[in-house]
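Novice: This is the content of structure.tsv (TSV, C-alpha atoms and all ligand atoms):
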```tsv
chain	number	residue	atom	x	y	z
A	183	MET	CA	-5.73	8.15	-18.48
A	184	ASN	CA	-8.16	8.56	-15.57
A	185	THR	CA	-11.23	7.80	-17.67
A	186	PRO	CA	-10.22	4.45	-19.11
A	187	ASP	CA	-11.85	3.08	-22.22
A	188	LEU	CA	-13.44	-0.20	-21.14
A	189	PHE	CA	-12.85	-1.59	-24.61
A	190	ALA	CA	-9.18	-0.68	-24.77
A	191	ALA	CA	-6.62	-3.36	-25.57
A	192	PRO	CA	-5.58	-5.40	-22.51
A	193	GLU	CA	-2.17	-3.68	-22.39
A	194	GLY	CA	-3.88	-0.27	-22.05
A	195	GLY	CA	-4.35	1.14	-18.49
A	196	VAL	CA	-6.86	-1.17	-16.76
A	197	GLU	CA	-6.14	-4.80	-16.02
A	198	ALA	CA	-8.07	-7.28	-13.84
A	199	ILE	CA	-5.48	-9.37	-11.98
A	200	ALA	CA	-7.95	-11.42	-9.92
A	201	ASP	CA	-11.64	-11.37	-9.04
A	202	GLY	CA	-11.96	-7.99	-7.30
A	203	ALA	CA	-8.39	-6.75	-7.97
A	204	VAL	CA	-7.82	-4.12	-10.66
A	205	LEU	CA	-4.44	-2.74	-11.78
A	206	LEU	CA	-4.49	0.84	-13.11
A	207	ARG	CA	-1.13	1.28	-14.80
A	208	GLY	CA	0.33	4.78	-14.49
A	209	PHE	CA	-2.80	6.10	-12.82
A	210	VAL	CA	-0.92	8.61	-10.62
A	211	LEU	CA	1.97	9.45	-12.96
A	212	ASP	CA	0.75	13.04	-13.30
A	213	ALA	CA	0.32	13.42	-9.52
A	214	ALA	CA	3.51	11.62	-8.43
A	215	THR	CA	5.50	14.77	-7.58
A	216	ALA	CA	2.64	16.11	-5.45
A	217	LEU	CA	2.21	12.75	-3.70
A	218	LEU	CA	5.94	12.55	-2.90
A	219	ALA	CA	5.79	16.05	-1.40
A	220	GLU	CA	2.87	14.94	0.80
A	221	ILE	CA	4.84	11.87	1.93
A	222	GLU	CA	7.67	14.21	2.98
A	223	ARG	CA	5.22	16.37	4.92
A	224	VAL	CA	3.76	13.36	6.73
A	225	ALA	CA	7.25	12.10	7.57
A	226	GLU	CA	8.21	15.45	9.09
A	227	ALA	CA	5.51	14.94	11.74
A	228	ALA	CA	5.58	11.13	11.94
A	229	SER	CA	8.98	9.86	10.87
A	230	PHE	CA	9.59	6.54	9.12
A	231	ARG	CA	10.53	3.76	11.53
A	232	HIS	CA	11.24	0.04	11.43
A	233	MET	CA	8.48	-1.52	13.51
A	234	VAL	CA	8.86	-4.82	15.36
A	235	THR	CA	6.63	-7.83	14.73
A	236	PRO	CA	4.88	-9.62	17.61
A	237	GLY	CA	7.54	-12.32	17.14
A	238	GLY	CA	10.33	-9.81	17.78
A	239	TYR	CA	11.63	-9.25	14.23
A	240	GLU	CA	12.39	-5.74	12.98
A	241	MET	CA	10.63	-5.14	9.66
A	242	SER	CA	12.95	-4.34	6.73
A	243	ALA	CA	10.51	-1.82	5.23
A	244	ALA	CA	10.28	1.47	7.15
A	245	MET	CA	6.73	2.69	7.82
A	246	THR	CA	4.66	5.65	8.86
A	247	ASN	CA	0.96	6.55	8.68
A	248	CYS	CA	-1.49	9.35	8.19
A	249	GLY	CA	-5.21	9.47	8.88
A	250	THR	CA	-7.49	8.86	11.86
A	251	ALA	CA	-5.64	5.66	12.72
A	252	GLY	CA	-2.29	4.15	11.78
A	253	TRP	CA	-1.25	0.54	11.31
A	254	THR	CA	1.11	-0.41	14.10
A	255	THR	CA	3.03	-3.48	15.19
A	256	ASP	CA	5.12	-4.14	18.26
A	257	ARG	CA	5.54	-7.04	20.71
A	258	SER	CA	1.85	-6.59	21.68
A	259	GLY	CA	0.54	-7.38	18.18
A	260	TYR	CA	-0.71	-5.96	14.89
A	261	ARG	CA	-3.42	-3.29	15.18
A	262	TYR	CA	-4.54	0.24	14.30
A	263	GLU	CA	-3.71	3.02	16.76
A	264	ARG	CA	-5.13	6.55	16.77
A	265	LEU	CA	-1.83	7.87	18.15
A	266	ASP	CA	1.71	7.52	16.87
A	267	LEU	CA	3.25	5.60	19.78
A	268	LYS	CA	6.66	7.10	18.91
A	269	THR	CA	5.53	10.70	19.59
A	270	GLY	CA	2.25	10.31	21.47
A	271	ASN	CA	0.63	12.61	18.89
A	272	ALA	CA	-2.23	11.90	16.53
A	273	TRP	CA	-1.08	10.76	13.08
A	274	PRO	CA	-0.95	13.60	10.52
A	275	PRO	CA	-4.20	14.05	8.58
A	276	LEU	CA	-4.83	12.26	5.29
A	277	PRO	CA	-3.78	14.69	2.54
A	278	GLU	CA	-6.61	15.70	0.23
A	279	ALA	CA	-4.58	14.41	-2.74
A	280	PHE	CA	-4.57	10.89	-1.17
A	281	MET	CA	-8.35	10.95	-0.57
A	282	ASP	CA	-8.94	12.23	-4.08
A	283	LEU	CA	-6.86	9.59	-5.82
A	284	ALA	CA	-8.40	6.80	-3.72
A	285	GLY	CA	-11.90	7.86	-4.70
A	286	ARG	CA	-11.05	8.17	-8.41
A	287	ALA	CA	-9.10	4.90	-8.55
A	288	ALA	CA	-11.77	2.93	-6.71
A	289	ALA	CA	-14.48	4.39	-8.96
A	290	ASP	CA	-12.53	3.41	-12.10
A	291	ALA	CA	-12.15	-0.09	-10.65
A	292	GLY	CA	-15.91	-0.32	-10.04
A	293	TYR	CA	-16.08	0.50	-6.30
A	294	ALA	CA	-18.26	3.51	-5.47
A	295	GLY	CA	-17.97	5.60	-2.30
A	296	CYS	CA	-14.41	4.72	-1.27
A	297	THR	CA	-13.73	6.79	1.89
A	298	PRO	CA	-10.45	5.69	3.50
A	299	ASP	CA	-9.63	6.81	7.04
A	300	ALA	CA	-6.04	5.53	7.17
A	301	CYS	CA	-2.98	5.40	4.96
A	302	LEU	CA	0.03	3.21	5.68
A	303	ILE	CA	3.19	4.43	3.95
A	304	ASN	CA	5.89	1.80	3.34
A	305	ARG	CA	9.43	2.80	2.38
A	306	TYR	CA	11.69	0.18	0.78
A	307	ALA	CA	15.46	0.50	0.41
A	308	PRO	CA	17.33	-2.10	-1.69
A	309	GLY	CA	16.92	-5.53	-0.07
A	310	ALA	CA	13.79	-4.62	1.90
A	311	LYS	CA	10.83	-6.97	1.49
A	312	LEU	CA	7.42	-7.79	2.89
A	313	SER	CA	6.69	-11.42	3.73
A	314	LEU	CA	3.49	-13.09	2.55
A	315	HIS	CA	0.58	-11.88	4.72
A	316	GLN	CA	-3.11	-10.98	4.76
A	317	ASP	CA	-4.42	-7.51	5.60
A	318	ARG	CA	-7.00	-8.34	8.24
A	319	ASP	CA	-6.57	-5.75	10.98
A	320	GLU	CA	-9.28	-3.51	9.48
A	321	ALA	CA	-12.82	-3.50	10.87
A	322	ASP	CA	-14.60	-3.81	7.52
A	323	PHE	CA	-13.35	-6.14	4.77
A	324	THR	CA	-16.07	-4.99	2.33
A	325	ALA	CA	-14.16	-1.73	1.73
A	326	PRO	CA	-11.42	-2.03	-0.91
A	327	ILE	CA	-7.77	-1.10	-0.29
A	328	VAL	CA	-6.15	1.25	-2.82
A	329	SER	CA	-2.37	0.83	-3.21
A	330	VAL	CA	-0.01	3.27	-4.94
A	331	SER	CA	3.56	2.49	-6.04
A	332	LEU	CA	6.17	5.27	-6.34
A	333	GLY	CA	9.86	5.13	-7.22
A	334	LEU	CA	11.81	1.93	-7.89
A	335	PRO	CA	9.85	-1.00	-9.33
A	336	ALA	CA	9.07	-4.00	-7.12
A	337	THR	CA	8.01	-7.57	-7.72
A	338	PHE	CA	4.69	-7.96	-5.97
A	339	LEU	CA	3.72	-11.50	-4.92
A	340	PHE	CA	0.00	-12.13	-5.19
A	341	GLY	CA	-1.28	-15.41	-3.81
A	342	GLY	CA	-4.75	-16.65	-3.00
A	343	PRO	CA	-7.02	-17.26	-0.02
A	344	ARG	CA	-4.62	-19.82	1.49
A	345	ARG	CA	-1.01	-19.14	2.50
A	346	ALA	CA	0.12	-22.17	0.47
A	347	ASP	CA	-1.41	-20.82	-2.79
A	348	ARG	CA	1.46	-20.26	-5.22
A	349	PRO	CA	1.75	-16.48	-5.75
A	350	GLN	CA	1.81	-14.83	-9.16
A	351	ARG	CA	4.58	-12.26	-9.61
A	352	ILE	CA	3.56	-8.81	-10.84
A	353	VAL	CA	6.01	-5.95	-11.34
A	354	LEU	CA	4.57	-2.73	-9.89
A	355	GLN	CA	6.05	0.41	-11.43
A	356	HIS	CA	6.19	4.08	-10.45
A	357	GLY	CA	2.68	5.51	-10.82
A	358	ASP	CA	0.80	2.20	-10.76
A	359	VAL	CA	-2.33	1.90	-8.62
A	360	VAL	CA	-4.04	-1.34	-7.62
A	361	VAL	CA	-7.52	-1.54	-6.10
A	362	TRP	CA	-8.04	-4.64	-3.94
A	363	GLY	CA	-11.65	-5.51	-3.20
A	364	GLY	CA	-14.09	-8.38	-3.40
A	365	PRO	CA	-12.59	-11.84	-2.86
A	366	ALA	CA	-9.04	-10.49	-3.47
A	367	ARG	CA	-9.32	-8.29	-0.37
A	368	LEU	CA	-8.24	-11.16	1.89
A	369	PHE	CA	-5.74	-12.84	-0.43
A	370	TYR	CA	-2.17	-13.45	0.72
A	371	HIS	CA	0.41	-11.10	-0.75
A	372	GLY	CA	3.93	-9.79	-0.25
A	373	VAL	CA	6.85	-7.97	-1.87
A	374	ALA	CA	10.10	-9.62	-3.05
A	375	PRO	CA	13.39	-8.06	-1.86
A	376	LEU	CA	13.80	-4.71	-3.64
A	377	LYS	CA	16.40	-4.72	-6.39
A	378	ASP	CA	18.91	-1.91	-6.22
A	379	GLY	CA	18.53	0.89	-8.73
A	380	VAL	CA	18.04	4.63	-9.06
A	381	HIS	CA	14.70	6.20	-9.90
A	382	PRO	CA	14.62	9.84	-11.07
A	383	ALA	CA	11.78	10.70	-8.65
A	384	THR	CA	12.96	8.93	-5.48
A	385	GLY	CA	16.57	7.80	-5.90
A	386	ARG	CA	17.22	4.35	-4.40
A	387	ILE	CA	13.78	4.09	-2.78
A	388	ARG	CA	10.35	2.61	-3.40
A	389	TYR	CA	7.29	3.95	-1.59
A	390	ASN	CA	3.95	2.24	-1.33
A	391	LEU	CA	0.80	3.92	-0.06
A	392	THR	CA	-2.15	1.79	1.04
A	393	LEU	CA	-5.37	3.69	1.58
A	394	ARG	CA	-7.69	1.77	3.87
A	395	LYS	CA	-10.89	1.93	5.81
A	396	ALA	CA	-9.45	0.83	9.15
A	397	LEU	CA	-12.11	1.83	11.72
B	401	LIG	C1	-3.83	-7.41	-1.65
B	401	LIG	N1	1.98	-3.44	0.94
B	401	LIG	O1	1.06	-2.50	3.25
B	401	LIG	S1	0.81	-3.12	-2.03
B	401	LIG	C2	0.70	-3.66	2.95
B	401	LIG	O2	4.01	-2.89	-1.82
B	401	LIG	C3	1.22	-4.25	1.70
B	401	LIG	O3	4.15	-2.19	0.21
B	401	LIG	C4	2.67	-3.94	-0.22
B	401	LIG	O4	0.97	-5.38	1.45
B	401	LIG	C5	3.68	-2.92	-0.66
B	401	LIG	O5	-0.07	-4.34	3.63
B	401	LIG	C6	1.78	-4.37	-1.29
B	401	LIG	C7	-0.43	-4.12	-2.71
B	401	LIG	C8	-1.48	-4.63	-1.76
B	401	LIG	C9	-1.86	-3.91	-0.66
B	401	LIG	C10	-2.89	-4.36	0.12
B	401	LIG	C11	-3.56	-5.54	-0.20
B	401	LIG	C12	-2.12	-5.77	-2.07
B	401	LIG	C13	-3.16	-6.24	-1.31
B	401	LIG	C14	-4.64	-6.01	0.55
B	401	LIG	C15	-5.31	-7.15	0.18
B	401	LIG	C16	-4.89	-7.86	-0.91
B	402	FE	FE	-0.64	-6.07	2.76
```
Could I get this structure in the form of structure tokens?
Ligand code: MD3
Ligand code: FE
Specialist:
Amino acid sequence: MNTPDLFAAPEGGVEAIADGAVLLRGFVLDAATALLAEIERVAEAASFRHMVTPGGYEMSAAMTNCGTAGWTTDRSGYRYERLDLKTGNAWPPLPEAFMDLAGRAAADAGYAGCTPDACLINRYAPGAKLSLHQDRDEADFTAPIVSVSLGLPATFLFGGPRRADRPQRIVLQHGDVVVWGGPARLFYHGVAPLKDGVHPATGRIRYNLTLRKAL
């Protein structure tokens, strides 16, 4: 599963969804239990919270971070912070399992030397969503972002370089990994409101990890 056959049928593990974006279906299925345990450990030190946008709206997805810096939003703006402003402490370290999967996924997608320094963890309850946005708070857009979906499935909205580009809808399932590099790195994207359901690994929750080079 982690050494995909490049000549496999299109429905087999590896799927190009745009120039620079590669979907690895089920890539972390075997590691999902370990990854969920690491999420719990991170959340013990840096609990999930609903951050506020610069415009004053509370985000429906709850978030936390691990790594050297964590993505943060409040009335002052979107940015990376080395400290968790809720506790004043450094964010918990990036678990080795996160680093390992990012390196292997990026390599399978054709990106060598992926060394993330930050991981944003999003937690979706039924109804939670993420509006169309670009990820542009990182210092270096040449590094890909590796995203990991765990728990309930979500409809991911994947647009283009302009906000008005009509997004394609892609269902991301438990265990799926997507590597976002090249031109796709700055494409608009979002998540449709989570449909209610129960997943054996997470209950009524979806988690998404995004491993990034922030600094
Ligand atoms: C395309 N997270 O945290 S993962 C985010 O499911 C974010 O929680 C979504 O968008 C989620 O910023 C989507 C897929 C994803 C992540 C980062 C991207 C797609 C991306 C960066 C650039 C282009
Ligand atoms: Fe994003």
Novice: What does the distance between CA of Arg344 (chain A) and CA of Ala243 (chain A) come to in Å, to one decimal place?
Specialist: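 So the two atoms, CA of Arg344 (chain A) and CA of Ala243 (chain A), lie 23.8 Å apart.
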Novice: List as a list in words the protein and nucleic acid residues lying within 7 Å of ligand LIG 401 (chain B), with only C-alpha atoms and all ligand atoms counted.
Specialist: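 Listing the residues within 7 Å of ligand LIG 401 (chain B) gives Leu302, Asn304, Leu312, Gln316, Asp317, Ile327, Ser329, Ser331, Phe338, Val360, Trp362, Ala366, Arg367, Leu368, Phe369, Tyr370, His371, Gly372, Val373, Asn390, Leu391 and Thr392 of chain A.
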Novice: Between A:Glu222, A:Asp347, A:Asp322, A:Glu240, which has the minimum distance to Gly364 (chain A) (counting all atoms listed in the file)?
Specialist: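 That would be A:Asp322, the residue with the smallest distance to Gly364 (chain A).
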Novice: How many Å lie between CA of Thr255 (chain A) and CA of Asn271 (chain A), rounded to one decimal?
Specialist: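 Computed distance, CA of Thr255 (chain A) to CA of Asn271 (chain A), equals 16.7 Å.
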Novice: To one decimal place in Å, what is the distance between CA of Leu334 (chain A) and CA of Arg388 (chain A)?
Specialist: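 These atoms are spaced 4.8 Å apart.
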Novice: Residues within 10 Å of Met245 (chain A), please, as a list of chain:residue names. Count all atoms listed in the file; anything in the same chain fewer than 2 positions from it doesn't count.
Specialist: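 The residues satisfying every condition are A:Ala225, A:Ala228, A:Ser229, A:Phe230, A:Arg231, A:His232, A:Met233, A:Met241, A:Ser242, A:Ala243, A:Asn247, A:Gly252, A:Trp253, A:Thr254, A:Leu302, A:Ile303, A:Asn304, A:Arg305, A:Tyr306, A:Tyr389, A:Asn390, A:Leu391.
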Novice: Here is a test: counting all atoms listed in the file, which residue of A:Pro375, A:Gly357, A:Gly341, A:Pro308 is nearest to ligand FE 402 (chain B)?
Specialist: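 Looking at the shortest contact to ligand FE 402 (chain B), the residue is A:Gly341.
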Novice: Identify which of the residues A:Ala346, A:Leu397, A:Leu339, A:Ala198 lies closest to ligand FE 402 (chain B), counting only C-alpha atoms and all ligand atoms when measuring atom-to-atom distances.
Specialist: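 Ranking A:Ala346, A:Leu397, A:Leu339, A:Ala198 by distance to ligand FE 402 (chain B), first place goes to A:Leu339.
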Novice: Point out the residue among A:Arg351, A:His315, A:His356, A:Lys268 with the least atom-to-atom distance to ligand FE 402 (chain B), counting all atoms listed in the file.
Specialist: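 Comparing A:Arg351, A:His315, A:His356, A:Lys268 against ligand FE 402 (chain B), the winner is A:His315.
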Novice: With a distance cut-off of 8 Å and all atoms listed in the file, select the neighbouring residues of Ala325 (chain A), excluding the residue or stretch itself and same-chain residues fewer than 3 positions from it, and output the selection as a CSV table (one decimal) with C-alpha atoms, in the coordinates of the input.
Specialist:
```csv
chain,number,residue,atom,x,y,z
A,296,CYS,CA,-14.4,4.7,-1.3
A,322,ASP,CA,-14.6,-3.8,7.5
A,363,GLY,CA,-11.6,-5.5,-3.2
A,394,ARG,CA,-7.7,1.8,3.9
A,395,LYS,CA,-10.9,1.9,5.8
```
Novice: Which residues come within 12 Å of Ala216 (chain A), counting only C-alpha atoms, excluding same-chain residues fewer than 2 positions away, as an MDAnalysis selection string?
Specialist: chainID A and resid 210:214 218:223 277:280 283 332 357 383
Novice: Which residue, A:Cys301, A:Ile199, A:Ala307, A:Val353, has the smallest gap to ligand FE 402 (chain B) when you use all atoms listed in the file?
Specialist: A:Cys301
Novice: Please list as a ChimeraX atom specification every residue within 8 Å of Gly285 (chain A), counting only C-alpha atoms and excluding residues in the same chain fewer than 5 positions away.
Specialist: /A:294-297
Novice: Residues of the last selection are to be written out with C-alpha atoms, as a short mmCIF file (atom, residue, chain, number, x, y, z; two decimals), in the frame of the given file.
Specialist:
```
data_model
loop_
_atom_site.label_atom_id
_atom_site.label_comp_id
_atom_site.auth_asym_id
_atom_site.auth_seq_id
_atom_site.Cartn_x
_atom_site.Cartn_y
_atom_site.Cartn_z
CA ALA A 294 -18.26 3.51 -5.47
CA GLY A 295 -17.97 5.60 -2.30
CA CYS A 296 -14.41 4.72 -1.27
CA THR A 297 -13.73 6.79 1.89
#
```
Novice: Using only C-alpha atoms, which residues sit within 6 Å of Cys248 (chain A) once same-chain residues fewer than 3 positions away are excluded, as a VMD selection string?
Specialist: chain A and resid 273 to 276 301
Novice: Those same residues, written as a short mmCIF file (atom, residue, chain, number, x, y, z; two decimals), keeping the file's coordinate frame with C-alpha atoms?
Specialist:
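Everything below was put into again13.cif:
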```cif
data_model
loop_
_atom_site.label_atom_id
_atom_site.label_comp_id
_atom_site.auth_asym_id
_atom_site.auth_seq_id
_atom_site.Cartn_x
_atom_site.Cartn_y
_atom_site.Cartn_z
CA TRP A 273 -1.08 10.76 13.08
CA PRO A 274 -0.95 13.60 10.52
CA PRO A 275 -4.20 14.05 8.58
CA LEU A 276 -4.83 12.26 5.29
CA CYS A 301 -2.98 5.40 4.96
#
```
Novice: With distances taken over only C-alpha atoms and all ligand atoms, which residue among A:Leu393, A:Ala291, A:Leu376, A:Ala284 lies nearest ligand FE 402 (chain B)?
Specialist: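 Smallest distance to ligand FE 402 (chain B) is found for A:Leu393.
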